[in-house]
file start_33.txt (compact mmCIF, C-alpha atoms and all ligand atoms)
# COMPACT_ATOMS: atom_id res chain seq x y z
CA MET Z 1 92.14 140.84 47.11
CA ASN Z 2 93.96 143.79 48.58
CA HIS Z 3 95.80 143.37 51.84
CA LYS Z 4 95.55 146.94 53.05
CA ALA Z 5 94.87 147.10 56.78
CA ILE Z 6 91.36 148.12 57.79
CA PRO Z 7 91.79 151.12 60.09
CA PRO Z 8 89.75 151.70 63.27
CA GLY Z 9 86.33 152.97 62.26
CA GLY Z 10 85.88 150.01 59.92
CA THR Z 11 83.59 147.06 60.59
CA LEU Z 12 84.78 143.58 61.52
CA GLY Z 13 82.57 140.51 61.33
CA VAL Z 14 82.68 137.59 63.74
CA ILE Z 15 81.04 134.29 62.98
CA GLY Z 16 79.78 132.56 66.10
CA GLY Z 17 77.96 134.02 69.06
CA GLY Z 18 79.69 132.65 72.17
CA GLN Z 19 81.89 134.25 74.80
CA LEU Z 20 84.99 134.25 72.59
CA GLY Z 21 83.05 136.33 70.06
CA ARG Z 22 81.87 138.61 72.84
CA MET Z 23 85.43 139.26 74.02
CA PHE Z 24 86.51 139.81 70.39
CA VAL Z 25 83.76 142.43 70.12
CA HIS Z 26 84.92 144.13 73.33
CA ALA Z 27 88.50 144.30 72.06
CA ALA Z 28 87.43 145.52 68.61
CA GLN Z 29 85.22 148.26 69.98
CA ARG Z 30 87.90 149.42 72.38
CA MET Z 31 90.16 149.88 69.37
CA GLY Z 32 87.49 151.88 67.55
CA TYR Z 33 86.06 149.22 65.22
CA ARG Z 34 82.41 148.46 64.68
CA THR Z 35 81.35 144.82 64.82
CA ILE Z 36 78.77 142.56 63.27
CA VAL Z 37 78.08 139.07 64.62
CA LEU Z 38 76.60 136.16 62.66
CA SER Z 39 74.98 133.62 64.96
CA PRO Z 40 71.92 131.39 64.85
CA GLU Z 41 71.11 132.36 68.41
CA ARG Z 42 69.38 135.61 69.33
CA ASP Z 43 70.67 137.35 72.49
CA CYS Z 44 73.86 135.25 72.45
CA PRO Z 45 76.91 136.57 74.38
CA ALA Z 46 78.54 138.12 71.28
CA ALA Z 47 75.37 139.67 69.84
CA GLN Z 48 74.60 141.32 73.19
CA ALA Z 49 77.81 143.31 72.88
CA SER Z 50 78.00 143.85 69.13
CA ASN Z 51 76.96 146.95 67.16
CA GLU Z 52 75.05 144.75 64.73
CA SER Z 53 74.08 141.12 64.48
CA ILE Z 54 72.65 138.79 61.90
CA ILE Z 55 70.59 136.00 63.40
CA ALA Z 56 70.78 133.16 60.88
CA ALA Z 57 72.27 129.74 60.26
CA TYR Z 58 75.97 129.74 59.38
CA ASN Z 59 75.26 128.37 55.92
CA ASP Z 60 72.45 130.82 55.13
CA LEU Z 61 73.70 132.35 51.89
CA GLU Z 62 71.69 135.55 52.22
CA ALA Z 63 73.11 136.08 55.72
CA ILE Z 64 76.66 135.54 54.45
CA ARG Z 65 76.04 137.99 51.61
CA ARG Z 66 74.85 140.55 54.11
CA LEU Z 67 77.93 139.96 56.25
CA SER Z 68 80.14 140.49 53.21
CA ARG Z 69 78.40 143.80 52.48
CA GLU Z 70 78.55 145.12 56.03
CA ALA Z 71 81.95 143.87 57.24
CA GLU Z 72 85.32 144.62 55.69
CA ALA Z 73 86.91 141.43 57.09
CA ALA Z 74 85.65 138.54 59.18
CA THR Z 75 86.89 136.03 61.71
CA VAL Z 76 85.49 133.00 63.51
CA GLU Z 77 85.05 132.40 67.20
CA PHE Z 78 84.73 128.63 66.94
CA GLU Z 79 85.75 126.06 64.36
CA ASN Z 80 82.54 124.17 63.72
CA ILE Z 81 81.36 126.51 61.00
CA PRO Z 82 80.76 125.02 57.55
CA ALA Z 83 84.00 125.57 55.65
CA ALA Z 84 82.00 126.07 52.45
CA ALA Z 85 80.31 129.11 53.99
CA LEU Z 86 83.70 130.60 54.89
CA ARG Z 87 85.01 129.85 51.42
CA PHE Z 88 82.03 131.63 49.90
CA LEU Z 89 82.49 134.64 52.19
CA GLY Z 90 86.21 134.66 51.46
CA ARG Z 91 85.50 135.49 47.81
CA SER Z 92 84.19 138.91 48.89
CA ILE Z 93 86.10 139.90 52.03
CA PRO Z 94 89.19 138.59 53.83
CA VAL Z 95 88.30 135.74 56.19
CA ARG Z 96 90.98 135.24 58.82
CA PRO Z 97 91.63 132.39 59.55
CA SER Z 98 91.05 131.03 56.05
CA TRP Z 99 88.38 128.42 55.31
CA ARG Z 100 91.16 125.90 54.73
CA THR Z 101 92.66 126.37 58.20
CA VAL Z 102 89.21 126.03 59.78
CA TRP Z 103 88.48 122.98 57.62
CA ILE Z 104 91.65 121.25 58.82
CA CYS Z 105 91.06 122.10 62.48
CA GLN Z 106 87.38 121.15 62.56
CA ASN Z 107 88.06 117.48 61.93
CA ARG Z 108 90.43 115.39 64.02
CA LEU Z 109 91.28 113.04 61.14
CA ARG Z 110 92.34 115.96 58.93
CA GLU Z 111 94.12 117.72 61.78
CA LYS Z 112 96.12 114.65 62.84
CA THR Z 113 97.00 113.82 59.25
CA PHE Z 114 98.14 117.40 58.60
CA LEU Z 115 100.37 117.39 61.69
CA ALA Z 116 101.68 113.84 61.20
CA ASP Z 117 102.57 114.51 57.54
CA ARG Z 118 104.70 117.45 58.63
CA GLY Z 119 106.47 115.59 61.40
CA PHE Z 120 104.89 117.30 64.41
CA PRO Z 121 104.95 115.14 67.57
CA LEU Z 122 101.63 113.42 68.30
CA PRO Z 123 100.46 110.71 70.67
CA PRO Z 124 100.24 107.36 68.84
CA TRP Z 125 97.02 107.35 66.81
CA LEU Z 126 95.18 105.51 64.08
CA PRO Z 127 92.18 106.51 61.97
CA LEU Z 128 88.93 104.71 62.75
CA ARG Z 129 86.67 105.16 59.73
CA ASP Z 130 85.27 101.70 59.08
CA GLU Z 131 85.26 98.04 60.13
CA ALA Z 132 88.69 97.42 58.56
CA ASP Z 133 90.24 100.25 60.64
CA LEU Z 134 88.51 98.84 63.71
CA ALA Z 135 90.12 95.45 63.15
CA GLN Z 136 93.56 97.09 62.82
CA ILE Z 137 93.09 99.05 66.04
CA ILE Z 138 91.90 96.03 68.01
CA LYS Z 139 94.88 94.07 66.71
CA HIS Z 140 97.66 96.65 67.00
CA MET Z 141 96.88 99.52 69.36
CA PRO Z 142 97.89 99.22 73.00
CA VAL Z 143 95.29 100.10 75.63
CA PRO Z 144 94.34 102.30 77.37
CA LEU Z 145 93.32 104.44 74.43
CA VAL Z 146 90.85 107.21 73.76
CA LEU Z 147 88.30 107.12 70.94
CA LYS Z 148 87.39 110.60 69.72
CA THR Z 149 84.84 111.45 67.07
CA ALA Z 150 86.48 113.15 64.09
CA ALA Z 151 83.91 115.94 63.91
CA SER Z 152 82.19 118.26 66.39
CA GLY Z 153 83.82 117.02 69.59
CA TYR Z 154 84.75 119.49 72.32
CA ASP Z 155 85.19 119.56 76.11
CA GLY Z 156 85.43 115.77 76.18
CA LYS Z 157 82.17 115.30 74.26
CA GLY Z 158 82.40 112.55 71.67
CA GLN Z 159 85.23 110.85 73.57
CA ILE Z 160 85.48 107.53 75.35
CA LYS Z 161 88.51 106.23 77.22
CA VAL Z 162 88.87 102.50 76.64
CA ASP Z 163 90.82 100.47 79.20
CA ARG Z 164 90.31 96.96 77.80
CA ARG Z 165 90.88 95.73 74.28
CA GLY Z 166 87.58 93.85 74.45
CA ASP Z 167 85.72 97.16 74.91
CA ILE Z 168 87.04 98.97 71.82
CA GLU Z 169 84.29 97.80 69.48
CA ARG Z 170 81.45 98.46 71.93
CA SER Z 171 82.81 101.96 72.64
CA TRP Z 172 82.95 102.78 68.94
CA ARG Z 173 79.34 101.61 68.55
CA GLU Z 174 78.45 103.85 71.50
CA LEU Z 175 79.90 106.78 69.55
CA GLY Z 176 77.55 105.82 66.72
CA SER Z 177 80.22 104.02 64.62
CA VAL Z 178 81.02 107.44 63.12
CA LYS Z 179 84.45 108.45 61.83
CA CYS Z 180 86.83 108.65 64.77
CA ILE Z 181 90.45 108.60 65.73
CA ALA Z 182 91.91 106.15 68.23
CA GLU Z 183 94.60 107.83 70.30
CA GLY Z 184 96.95 106.32 72.84
CA PHE Z 185 96.16 107.45 76.39
CA VAL Z 186 98.93 109.80 77.49
CA ASP Z 187 100.10 109.60 81.08
CA PHE Z 188 101.03 113.29 81.05
CA ILE Z 189 102.75 115.39 83.72
CA ALA Z 190 100.90 118.49 82.61
CA GLU Z 191 98.69 119.96 79.93
CA LEU Z 192 100.02 123.07 78.24
CA SER Z 193 98.69 125.42 75.63
CA VAL Z 194 100.32 128.05 73.50
CA ILE Z 195 98.43 130.73 71.61
CA THR Z 196 100.03 132.44 68.67
CA ALA Z 197 98.96 135.08 66.20
CA ARG Z 198 100.24 135.43 62.66
CA GLY Z 199 99.55 138.44 60.49
CA VAL Z 200 99.12 139.01 56.76
CA ASP Z 201 102.81 139.78 56.39
CA GLY Z 202 103.74 136.43 57.99
CA ARG Z 203 104.93 137.97 61.22
CA SER Z 204 104.08 135.91 64.33
CA ALA Z 205 103.79 136.71 68.01
CA VAL Z 206 103.64 133.82 70.45
CA PHE Z 207 102.08 134.19 73.90
CA PRO Z 208 103.63 132.77 77.07
CA THR Z 209 102.92 129.06 77.57
CA ALA Z 210 99.94 128.29 79.81
CA ILE Z 211 99.55 125.32 82.15
CA ASN Z 212 96.01 124.00 82.31
CA ARG Z 213 94.03 121.73 84.58
CA HIS Z 214 90.80 120.12 83.51
CA ALA Z 215 87.89 118.97 85.64
CA ARG Z 216 85.64 116.43 83.96
CA HIS Z 217 87.29 117.17 80.57
CA ILE Z 218 86.51 120.89 80.79
CA LEU Z 219 89.21 123.47 81.40
CA ASP Z 220 89.10 124.44 85.05
CA THR Z 221 92.21 126.51 85.73
CA SER Z 222 94.92 128.06 83.62
CA VAL Z 223 98.13 129.81 84.65
CA ILE Z 224 100.70 131.85 82.70
CA PRO Z 225 103.60 131.38 82.58
CA ALA Z 226 103.67 127.59 82.93
CA PRO Z 227 106.34 126.58 85.49
CA VAL Z 228 107.97 124.08 83.15
CA GLY Z 229 111.48 125.49 82.74
CA PRO Z 230 113.11 127.20 79.77
CA ILE Z 231 113.55 124.16 77.53
CA VAL Z 232 109.92 123.00 77.56
CA THR Z 233 108.76 126.61 77.34
CA LEU Z 234 110.89 127.27 74.29
CA GLU Z 235 109.93 123.99 72.65
CA SER Z 236 106.20 124.54 73.22
CA ARG Z 237 106.39 128.02 71.72
CA ARG Z 238 108.47 126.77 68.80
CA LEU Z 239 105.83 124.13 68.03
CA ALA Z 240 103.04 126.72 68.02
CA PHE Z 241 105.07 129.03 65.79
CA GLU Z 242 105.87 126.25 63.33
CA ILE Z 243 102.31 124.94 63.15
CA ALA Z 244 101.08 128.45 62.36
CA GLU Z 245 103.71 128.63 59.61
CA ALA Z 246 102.74 125.21 58.26
CA LEU Z 247 99.09 126.27 58.11
CA ASP Z 248 100.09 129.56 56.48
CA LEU Z 249 97.83 131.01 59.12
CA ILE Z 250 96.48 134.51 59.15
CA GLY Z 251 94.76 134.59 62.49
CA VAL Z 252 95.06 133.30 66.03
CA LEU Z 253 95.91 129.68 66.76
CA THR Z 254 95.80 127.69 69.99
CA VAL Z 255 97.91 124.58 70.28
CA GLU Z 256 97.06 122.26 73.18
CA MET Z 257 99.85 119.91 74.23
CA PHE Z 258 100.63 117.14 76.67
CA LEU Z 259 103.91 117.22 78.55
CA GLY Z 260 104.89 113.56 78.84
CA GLN Z 261 106.70 111.87 81.73
CA ASP Z 262 109.87 111.89 79.59
CA GLY Z 263 109.70 115.67 79.18
CA ALA Z 264 108.63 115.45 75.53
CA LEU Z 265 105.71 117.45 74.16
CA LEU Z 266 102.89 115.85 72.19
CA ILE Z 267 100.25 117.87 70.39
CA ASN Z 268 96.71 117.20 71.54
CA GLU Z 269 94.68 119.52 69.37
CA LEU Z 270 94.48 122.81 67.52
CA ALA Z 271 91.92 125.60 67.64
CA PRO Z 272 92.16 128.33 64.97
CA ARG Z 273 91.01 131.05 67.38
CA PRO Z 274 91.49 132.45 70.87
CA HIS Z 275 90.98 129.94 73.65
CA ASN Z 276 89.65 129.56 77.15
CA SER Z 277 93.24 129.02 78.33
CA GLY Z 278 94.22 132.45 76.99
CA HIS Z 279 91.84 134.61 78.96
CA ALA Z 280 94.55 135.68 81.38
CA THR Z 281 96.22 137.52 78.48
CA ILE Z 282 93.50 140.19 78.87
CA GLU Z 283 95.03 141.34 82.13
CA ALA Z 284 98.51 139.85 82.00
CA CYS Z 285 99.93 140.64 78.55
CA VAL Z 286 100.63 143.81 76.60
CA THR Z 287 98.20 142.60 73.91
CA SER Z 288 95.32 140.23 74.75
CA GLN Z 289 94.47 137.22 72.60
CA PHE Z 290 91.31 139.04 71.45
CA GLU Z 291 93.13 142.25 70.59
CA GLN Z 292 95.50 140.04 68.64
CA GLN Z 293 92.55 138.59 66.72
CA VAL Z 294 91.32 142.11 65.97
CA ARG Z 295 94.75 143.17 64.79
CA VAL Z 296 95.36 140.25 62.45
CA THR Z 297 91.77 140.13 61.18
CA SER Z 298 91.98 143.80 60.24
CA GLY Z 299 95.31 143.21 58.48
CA SER Z 300 97.64 144.78 61.05
CA PRO Z 301 100.66 142.94 62.44
CA PRO Z 302 100.21 141.18 65.80
CA GLY Z 303 101.00 143.18 68.93
CA SER Z 304 103.51 142.43 71.66
CA THR Z 305 102.78 139.29 73.65
CA ASP Z 306 105.09 140.32 76.49
CA LEU Z 307 103.94 139.23 79.92
CA LEU Z 308 103.35 142.14 82.28
CA ASP Z 309 102.79 139.88 85.28
CA PRO Z 310 101.90 136.22 85.87
CA ALA Z 311 98.20 135.47 86.13
CA ALA Z 312 95.70 132.68 86.76
CA THR Z 313 92.21 132.15 85.42
CA VAL Z 314 89.52 129.90 86.88
CA ASN Z 315 86.35 129.09 85.02
CA LEU Z 316 82.90 129.78 86.42
CA MET Z 317 80.74 126.87 85.35
CA GLY Z 318 76.98 126.53 85.46
CA GLU Z 319 77.29 124.38 88.61
CA LEU Z 320 77.93 127.58 90.58
CA TRP Z 321 74.33 128.58 89.87
CA ALA Z 322 72.98 125.40 91.55
CA ASP Z 323 71.38 127.39 94.39
CA GLY Z 324 70.44 130.37 92.20
CA GLU Z 325 72.47 133.47 91.27
CA PRO Z 326 75.90 133.39 92.96
CA ASP Z 327 76.59 135.96 95.65
CA TRP Z 328 78.57 138.45 93.54
CA ARG Z 329 78.85 140.84 96.45
CA ALA Z 330 80.70 138.13 98.42
CA LEU Z 331 83.07 137.68 95.49
CA LEU Z 332 83.74 141.36 94.96
CA ASP Z 333 84.27 141.86 98.69
CA PHE Z 334 86.56 138.86 98.93
CA ASP Z 335 89.69 140.06 97.13
CA PRO Z 336 89.93 143.44 95.42
CA GLY Z 337 92.44 142.02 92.93
CA VAL Z 338 89.97 139.56 91.39
CA LYS Z 339 88.74 140.42 87.89
CA LEU Z 340 85.26 139.13 87.16
CA HIS Z 341 84.19 138.25 83.60
CA LEU Z 342 80.62 137.13 82.98
CA TYR Z 343 79.46 136.14 79.52
CA GLY Z 344 75.83 137.22 79.67
CA LYS Z 345 74.37 133.71 79.39
CA SER Z 346 70.91 133.55 80.91
CA ALA Z 347 70.54 129.80 81.40
CA ALA Z 348 73.13 128.21 83.68
CA ALA Z 349 73.51 124.50 82.92
CA THR Z 350 75.97 121.97 84.31
CA GLY Z 351 79.16 122.10 82.27
CA ARG Z 352 78.28 125.44 80.68
CA LYS Z 353 80.99 128.11 80.78
CA MET Z 354 79.31 131.15 82.34
CA GLY Z 355 82.33 133.32 83.07
CA HIS Z 356 85.80 133.35 84.55
CA LEU Z 357 87.94 135.02 87.20
CA THR Z 358 91.47 136.24 86.65
CA VAL Z 359 94.02 137.21 89.27
CA VAL Z 360 97.32 138.87 88.40
CA ASP Z 361 100.10 138.34 90.92
CA ARG Z 362 103.88 138.47 90.84
CA ASP Z 363 103.83 134.81 91.87
CA PRO Z 364 101.83 132.53 89.53
CA GLU Z 365 101.04 130.00 92.27
CA THR Z 366 99.67 132.74 94.48
CA ALA Z 367 97.60 134.02 91.54
CA LEU Z 368 96.05 130.56 91.20
CA ARG Z 369 95.49 130.17 94.93
CA ARG Z 370 93.74 133.54 95.11
CA ALA Z 371 91.57 132.83 92.07
CA ILE Z 372 90.47 129.46 93.48
CA ALA Z 373 89.80 130.99 96.90
CA ALA Z 374 87.65 133.69 95.28
CA ARG Z 375 85.63 131.08 93.43
CA LYS Z 376 85.16 129.12 96.66
CA ALA Z 377 83.61 132.21 98.20
CA ILE Z 378 80.66 131.84 95.81
CA GLN Z 379 80.43 128.06 95.63
CA PRO Z 380 77.05 126.68 96.61
CA SER Z 381 77.49 124.24 99.49
CA SER Z 382 76.03 121.42 97.37
CA HIS Z 383 78.81 121.72 94.71
CA ARG Z 384 82.38 121.74 95.92
CA LEU Z 385 84.77 121.86 92.96
CA SER Z 386 88.41 122.45 93.84
P1 LIG S 1 90.31 117.14 73.84
O1 LIG S 1 88.88 117.49 73.54
O2 LIG S 1 90.93 116.21 72.86
O3 LIG S 1 91.17 118.34 74.11
O4 LIG S 1 90.26 116.34 75.24
C1 LIG S 1 89.81 116.95 76.43
C2 LIG S 1 90.67 116.51 77.58
O5 LIG S 1 90.63 115.08 77.73
C3 LIG S 1 92.14 116.83 77.41
O6 LIG S 1 92.43 118.17 77.73
C4 LIG S 1 92.77 115.83 78.35
O7 LIG S 1 92.63 116.24 79.71
C5 LIG S 1 91.92 114.59 78.13
N1 LIG S 1 92.51 113.78 77.04
C6 LIG S 1 92.23 113.86 75.73
N2 LIG S 1 92.98 113.03 75.00
C7 LIG S 1 93.78 112.37 75.87
C8 LIG S 1 94.80 111.37 75.74
N3 LIG S 1 95.13 110.85 74.55
N4 LIG S 1 95.43 110.96 76.86
C9 LIG S 1 95.10 111.46 78.07
N5 LIG S 1 94.14 112.40 78.26
C10 LIG S 1 93.48 112.85 77.19
call {"tool": "encode", "arguments": {"input": "start_33.txt", "output": "structure tokens", "more": "lines below"}}
Ligand code: AMP
result
Amino acid sequence: MNHKAIPPGGTLGVIGGGQLGRMFVHAAQRMGYRTIVLSPERDCPAAQASNESIIAAYNDLEAIRRLSREAEAATVEFENIPAAALRFLGRSIPVRPSWRTVWICQNRLREKTFLADRGFPLPPWLPLRDEADLAQIIKHMPVPLVLKTAASGYDGKGQIKVDRRGDIERSWRELGSVKCIAEGFVDFIAELSVITARGVDGRSAVFPTAINRHARHILDTSVIPAPVGPIVTLESRRLAFEIAEALDLIGVLTVEMFLGQDGALLINELAPRPHNSGHATIEACVTSQFEQQVRVTSGSPPGSTDLLDPAATVNLMGELWADGEPDWRALLDFDPGVKLHLYGKSAAATGRKMGHLTVVDRDPETALRRAIAARKAIQPSSHRLS
């Protein structure tokens, strides 16, 4: 397969129809590319923005053939896409990230094993695949611990925190006795994430480290740069760089980490794509995470990840729609520095990511304070978040 870069004017495919795909499409079009989205869902956020879309299941062979005819390279906007479909597509056009990277990252057992085998720092964990593993965990693993399903877990779904040894078995049954990992509960100081992009020529560009807060297991706020000092910053970025190397990645990779009480970093999970915690890069960095995905998918080297100014992002969840459409006028009047991003989702449900706000400010704490204040201006009185 040739590795010549696809110049603007060419067509890039994105598999998956959510907001990450939508923002990929925006970045691609701004750079002069055409886009084609493959998603099972009509009128999804990415298809609304894209030049073309194919509405079909991810493993629909005819749909993948069409994608390979119409796109010159393809990427993914989430990892739960059948790896076999990506492998099939990869025989015709470059798929970045590769099926193998997606295959590793879509399953916690494979991901943990990959990282552990290469010496990357992880919280203590054991595989939970069958009754024999269960017996080992009950016998040897300290509590509290977290059981996480190996496949298709996200935003805390498919996870149970277990505080008492006697509850481990019942919790696993609650998860359907499916393949899981058991992970030690980490009493972290902070959650960090680092996004990196690696191009066909092996060149990497690592974004500033983000500090993230979750509310009910879903990312709530994210700030760059994380105020964690030069050593943790350097170490977090080194880890992201080295994991991308170990994966032989061509694409964008997000590495979520815990900063422990002892100052050490432990890797929580990987996502082979842009991430909710990287949205501030749109306004705050020379190259956004989506532009980066366009660049490396098309075969160009990654762009500069230099920070122009600190920034904070807060998520707009479906809860904000509890009393009907939020008062956008109130938001836009509130602070002229607030950047509103809405994903075009028609049905607002609890826990559904509907959009986000970003504020750029010379002081990262002020950026966060302003973003939270702006969100408060549109909070229905029945749902106070933070
Ligand atoms: P995950 O889907 O694994 O990223 O988990 C979602 C969130 O649950 C994380 O961002 C943490 O806030 C929390 N969490 C997950 N695993 C652990 C753990 N081992 N210890 C403490 N908190 C955790």
call {"tool": "closest_residue", "arguments": {"input": "start_33.txt", "among": "Z:Ala27, Z:Ala311, Z:Val286, Z:Leu259", "to": "ligand LIG 1 (chain S)", "atoms": "only C-alpha atoms and all ligand atoms"}}
result
Z:Leu259
call {"tool": "closest_residue", "arguments": {"input": "start_33.txt", "among": "Z:Ala151, Z:Ile267, Z:Leu253, Z:Val294", "to": "Thr35 in chain Z", "atoms": "only C-alpha atoms"}}
result
Z:Val294
call {"tool": "atom_distance", "arguments": {"input": "start_33.txt", "atom1": "CA of Tyr33 in chain Z", "atom2": "CA of Ala49 in chain Z"}}
result
12.7 Å
call {"tool": "atom_distance", "arguments": {"input": "start_33.txt", "atom1": "CA of Lys148 in chain Z", "atom2": "CA of Lys161 in chain Z"}}
result
8.8 Å
call {"tool": "residues_near_ligand", "arguments": {"input": "start_33.txt", "ligand": "ligand LIG 1 (chain S)", "cutoff": "9 Å", "atoms": "all atoms listed in the file", "output": "ChimeraX atom specification"}}
result
/Z:108,123-125,144-148,153-159,161,182-188,191,212-219,256-258,268-270
call {"tool": "residues_around", "arguments": {"input": "start_33.txt", "residues": "range 369-384 of chain Z", "least_positions_apart": "3", "cutoff": "6 Å", "atoms": "only C-alpha atoms", "output": "list in words"}}
result
Leu320, Pro326, Asp327, Val359 and Thr366 of chain Z
call {"tool": "write_last_selection", "arguments": {"input": "start_33.txt", "atoms": "C-alpha atoms", "output": "CSV table (one decimal), in the frame of the given file"}}
result
chain,number,residue,atom,x,y,z
Z,320,LEU,CA,77.9,127.6,90.6
Z,326,PRO,CA,75.9,133.4,93.0
Z,327,ASP,CA,76.6,136.0,95.6
Z,359,VAL,CA,94.0,137.2,89.3
Z,366,THR,CA,99.7,132.7,94.5
call {"tool": "atom_distance", "arguments": {"input": "start_33.txt", "atom1": "CA of Gln289 in chain Z", "atom2": "CA of Ala264 in chain Z"}}
result
26.1 Å
call {"tool": "residues_around", "arguments": {"input": "start_33.txt", "residues": "Ile243 in chain Z", "least_positions_apart": "3", "cutoff": "9 Å", "atoms": "all atoms listed in the file", "output": "JSON, numbers by chain"}}
result
{"Z": [115, 120, 238, 239, 240, 246, 247, 248, 249, 253, 255]}
call {"tool": "closest_residue", "arguments": {"input": "start_33.txt", "among": "Z:Ala226, Z:Leu12, Z:Leu368, Z:Ala57", "to": "Gln29 in chain Z", "atoms": "all atoms listed in the file"}}
result
Z:Leu12
call {"tool": "residues_around", "arguments": {"input": "start_33.txt", "residues": "Ser204 in chain Z", "least_positions_apart": "5", "cutoff": "9 Å", "atoms": "only C-alpha atoms", "output": "list in words"}}
result
Thr196, Ala197, Arg198, Gly199, Phe241, Ala244, Glu245, Pro301 and Pro302 of chain Z
call {"tool": "closest_atom_pairs", "arguments": {"input": "start_33.txt", "of": "range 198-292 of chain Z", "to": "range 66-79 of chain Z", "cutoff": "9 Å", "atoms": "only C-alpha atoms", "output": "Markdown table"}}
result
| residue | atom | partner | partner_atom | distance |
| --- | --- | --- | --- | --- |
| Z:Gly251 | CA | Z:Thr75 | CA | 8.0 |
| Z:Ala271 | CA | Z:Glu79 | CA | 7.0 |
| Z:Pro272 | CA | Z:Glu79 | CA | 6.8 |
| Z:Arg273 | CA | Z:Glu77 | CA | 6.1 |
| Z:Pro274 | CA | Z:Glu77 | CA | 7.4 |
call {"tool": "write_last_selection", "arguments": {"input": "start_33.txt", "atoms": "C-alpha atoms", "output": "PDB file, keeping the file's coordinate frame"}}
result
ATOM      1  CA  GLY Z 251      94.760 134.590  62.490  1.00  0.00           C
ATOM      2  CA  ALA Z 271      91.920 125.600  67.640  1.00  0.00           C
ATOM      3  CA  PRO Z 272      92.160 128.330  64.970  1.00  0.00           C
ATOM      4  CA  ARG Z 273      91.010 131.050  67.380  1.00  0.00           C
ATOM      5  CA  PRO Z 274      91.490 132.450  70.870  1.00  0.00           C
TER       6      PRO Z 274
END
call {"tool": "residues_around", "arguments": {"input": "start_33.txt", "residues": "Met354 in chain Z", "least_positions_apart": "2", "cutoff": "7 Å", "atoms": "all atoms listed in the file", "output": "PyMOL selection string"}}
result
chain Z and resi 316-318+342-343+345+348+352
call {"tool": "closest_residue", "arguments": {"input": "start_33.txt", "among": "Z:Ala205, Z:Leu357, Z:Leu234, Z:Ile55", "to": "Gln292 in chain Z", "atoms": "only C-alpha atoms"}}
result
Z:Ala205
call {"tool": "closest_residue", "arguments": {"input": "start_33.txt", "among": "Z:Ala150, Z:Leu128, Z:Leu122, Z:Ile15", "to": "Asn107 in chain Z", "atoms": "only C-alpha atoms"}}
result
Z:Ala150
call {"tool": "residues_around", "arguments": {"input": "start_33.txt", "residues": "Ile168 in chain Z", "least_positions_apart": "4", "cutoff": "9 Å", "atoms": "only C-alpha atoms", "output": "VMD selection string"}}
result
chain Z and resid 134 137 to 138 145 147 162 to 164 172 to 173
call {"tool": "write_last_selection", "arguments": {"input": "start_33.txt", "atoms": "C-alpha atoms", "output": "compact mmCIF listing (two decimals), in the frame of the given file"}}
result
# COMPACT_ATOMS: atom_id res chain seq x y z
CA LEU Z 134 88.51 98.84 63.71
CA ILE Z 137 93.09 99.05 66.04
CA ILE Z 138 91.90 96.03 68.01
CA LEU Z 145 93.32 104.44 74.43
CA LEU Z 147 88.30 107.12 70.94
CA VAL Z 162 88.87 102.50 76.64
CA ASP Z 163 90.82 100.47 79.20
CA ARG Z 164 90.31 96.96 77.80
CA TRP Z 172 82.95 102.78 68.94
CA ARG Z 173 79.34 101.61 68.55
call {"tool": "closest_residue", "arguments": {"input": "start_33.txt", "among": "Z:Leu340, Z:Ala349, Z:Val360, Z:Leu332", "to": "Ala312 in chain Z", "atoms": "all atoms listed in the file"}}
result
Z:Val360
call {"tool": "residues_near_point", "arguments": {"input": "start_33.txt", "point": "(99.9, 134.8, 75.2)", "cutoff": "9 Å", "atoms": "only C-alpha atoms", "output": "mmCIF file with C-alpha atoms, keeping the file's coordinate frame"}}
result
data_model
loop_
_atom_site.group_PDB
_atom_site.id
_atom_site.type_symbol
_atom_site.label_atom_id
_atom_site.label_comp_id
_atom_site.auth_asym_id
_atom_site.auth_seq_id
_atom_site.Cartn_x
_atom_site.Cartn_y
_atom_site.Cartn_z
ATOM 1 C CA VAL Z 194 100.320 128.050 73.500
ATOM 2 C CA ILE Z 195 98.430 130.730 71.610
ATOM 3 C CA THR Z 196 100.030 132.440 68.670
ATOM 4 C CA ALA Z 205 103.790 136.710 68.010
ATOM 5 C CA VAL Z 206 103.640 133.820 70.450
ATOM 6 C CA PHE Z 207 102.080 134.190 73.900
ATOM 7 C CA PRO Z 208 103.630 132.770 77.070
ATOM 8 C CA THR Z 209 102.920 129.060 77.570
ATOM 9 C CA ALA Z 210 99.940 128.290 79.810
ATOM 10 C CA ILE Z 224 100.700 131.850 82.700
ATOM 11 C CA PRO Z 225 103.600 131.380 82.580
ATOM 12 C CA GLY Z 278 94.220 132.450 76.990
ATOM 13 C CA HIS Z 279 91.840 134.610 78.960
ATOM 14 C CA ALA Z 280 94.550 135.680 81.380
ATOM 15 C CA THR Z 281 96.220 137.520 78.480
ATOM 16 C CA ALA Z 284 98.510 139.850 82.000
ATOM 17 C CA CYS Z 285 99.930 140.640 78.550
ATOM 18 C CA THR Z 287 98.200 142.600 73.910
ATOM 19 C CA SER Z 288 95.320 140.230 74.750
ATOM 20 C CA GLN Z 289 94.470 137.220 72.600
ATOM 21 C CA THR Z 305 102.780 139.290 73.650
ATOM 22 C CA ASP Z 306 105.090 140.320 76.490
ATOM 23 C CA LEU Z 307 103.940 139.230 79.920
#
